[in-house]
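Trainee: Okay, handing you the structure first.
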Amino acid sequence: MADNTGSEMKSGSFMLEKSAKIFVAGHRGLVGSAIVRKLQDQGFTNLVLRTHSELDLTSQSDVESFFATEKPVYVILAAAKVGGIHANNTYPADFIGVNLQIQTNVIHSAYTHGVKKLLFLGSSCIYPKFAPQPIPESALLTGPLEPTNEWYAIAKIAGIKMCQAYRLQHQWDAISGMPTNLYGQNDNFHPENSHVLPALMRRFHEAKANNADEVVVWGSGSPLREFLHVDDLADACVFLMDQYSGFEHVNVGSGVEVTIKELAELVKEVVGFKGKLVWDTTKPDGTPRKLMDSSKLASLGWTPKISLKDGLSQTYEWYLENVVQKKQ
Ligand SMILES: NC(=O)C1=CN([C@@H]2O[C@H](COP(=O)(O)OP(=O)(O)OC[C@H]3O[C@@H](n4cnc5c(N)ncnc54)[C@H](OP(=O)(O)O)[C@@H]3O)[C@@H](O)[C@H]2O)C=CC1
Ligand SMILES: C[C@H]1O[C@H](OP(=O)(O)OP(=O)(O)OC[C@H]2O[C@@H](n3cnc4c(=O)[nH]c(N)nc43)[C@H](O)[C@@H]2O)[C@@H](O)[C@@H](O)C1=O
């Protein structure tokens with residue numbers, strides 16, 4: 001039964017419907033590809049997938065036709081305009097506009113065409129810049145946002161609210177998960193527009209390959225970030241599809257935070273770069289700290305499994321095989 005208050009749980013029907021048609025939007029991205037791997041591992045056989053060029057989710061009419069034709073039973077919305085601190089800061093119109101368009105089109109058409117349940121993915125940047133730490137779900141809309149990503153955050157907050165509004169008005173089972181900073185295979189390794197972890201992995205790798213003496217890292221090194229491996233996130237998404245039908249969004253974190261300086265040292269070690277770090281303090285630090293309180297998800301019965309050290313090694317192996325070797 002769908003629930004308006006968040007107090008009730010849905011028990012296990014998703015995992016029993018292995019041949020139900022599931023639309024994973026954004027299936028080639030970091031998150032979408034991990035969700036596809038997880039669903040396939042779990043025996044789901046009827047995934048419907050479209051690349052950006054096959055279906056532009058910012059087009060309301062194309063999204064409408066897609067849902068009318070395909071009629072998926074479940075939707076996991078992992079398509080979005082995504083990027084790190086520099087991209088968010090540089091392209092505010094894209095981050096608010098594209099994300100509002102994608103999520104509005106997909107959520108509305110999914111509801112209209114009888115989708116049974118939808119999972120919307122937001123981000124830990126929805127919370128106020130100076131939220132209490134660890135950040136509980138209840139901190140939403142209690143203070144001003146971090147300016148470097150407020151445009152993206154406003155779109156994501158609108159997505160949560162849209163799911164809640166459709167639940168209230170139409171008793172429709174739309175839920176929201178809020179992942180912390182993610183990393184893993186199929187990440188974006190762009191030198192400027194990516195998130196810190198893939199950016200540093202690439203920069204250390206290239207410095208090592210070129211016998212460089214130093215690597216530039218942005219900001220002061222003091223901000224704290226919590227990192228979760230994307231395979232853990234995918235596992236949590238499947239868990240939420242199966243086990244959660246509440247009104248409130250759910251934090252998905254690892255509970256482990258490191259300073260950017262500690263992260264840089266870890267990535268340096270995994271890559272095997274021997275030179276020194278130089279800090280470019282003209283670059284923004286962003287939020288000083290954003291550790292999520294994931295006790296709600298833990299109380300439902302889900303916890304992460306992959307340590308940062310193991311996850312980093314795995315990701316570097318993947319990067320070597322799939323990015324470096326393919327360029328050669
Ligand atoms: N990465 C992170 O650290 C975090 C991510 N998240 C959330 O997870 C979700 C997925 O992020 P992530 O996997 O990192 O992002 P990626 O950039 O890796 O992937 C985004 C996907 O969205 C698709 N896409 C983008 N625009 C459109 C469009 N107009 N029409 C159709 N498809 C489109 C892309 O398709 P194509 O490949 O075909 O171009 C791509 O597959 C987002 O909602 C994000 O907010 C939350 C917290 C942290
Ligand atoms: C997931 C989350 O991601 C974004 O927020 P963010 O956590 O600030 O993201 P980030 O990974 O880009 O940076 C983390 C920290 O790391 C420092 N840093 C050092 N050196 C590099 C570097 O080379 N690249 C980047 N990107 N950052 C670097 C950087 O200065 C900052 O202090 C949101 O915009 C929003 O998209 C969102 O929700």
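Labeling convention for the structure tokens: chains A, B, ... as they appear, residues from 1 per chain, ligands from 1 in order of appearance.
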Quick one: DSSP strand (DSSP E or B) residues in range 81-161 of chain A, as a PyMOL selection string?
Mentor: chain A and resi 117-121+135
Trainee: Could you list, as an NGL selection string, all protein and nucleic acid residues with an atom at most 8 Å from ligand 1, counting only C-alpha atoms and all ligand atoms?
Mentor: :A and (25-33 or 50-59 or 77-84 or 98 or 102 or 120-125 or 156 or 178-183 or 186-188 or 195)
Trainee: Considering only C-alpha atoms, can you say which of A:Asn211, A:Trp218, A:His249, A:Ala199 comes closest to Met162 in chain A?
Mentor: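 Checking each candidate against Met162 in chain A, we get A:His249 as the closest.
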Trainee: So how far away is CA of Ser254 in chain A from CA of Leu228 in chain A, in Å?
Mentor: 5.3 Å
Trainee: Point out the residue among A:Gly255, A:Gly286, A:Gly311, A:Pro198 with the least atom-to-atom distance to ligand 2, counting only C-alpha atoms and all ligand atoms.
Mentor: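 Under the stated criterion, the closest residue is A:Gly286.
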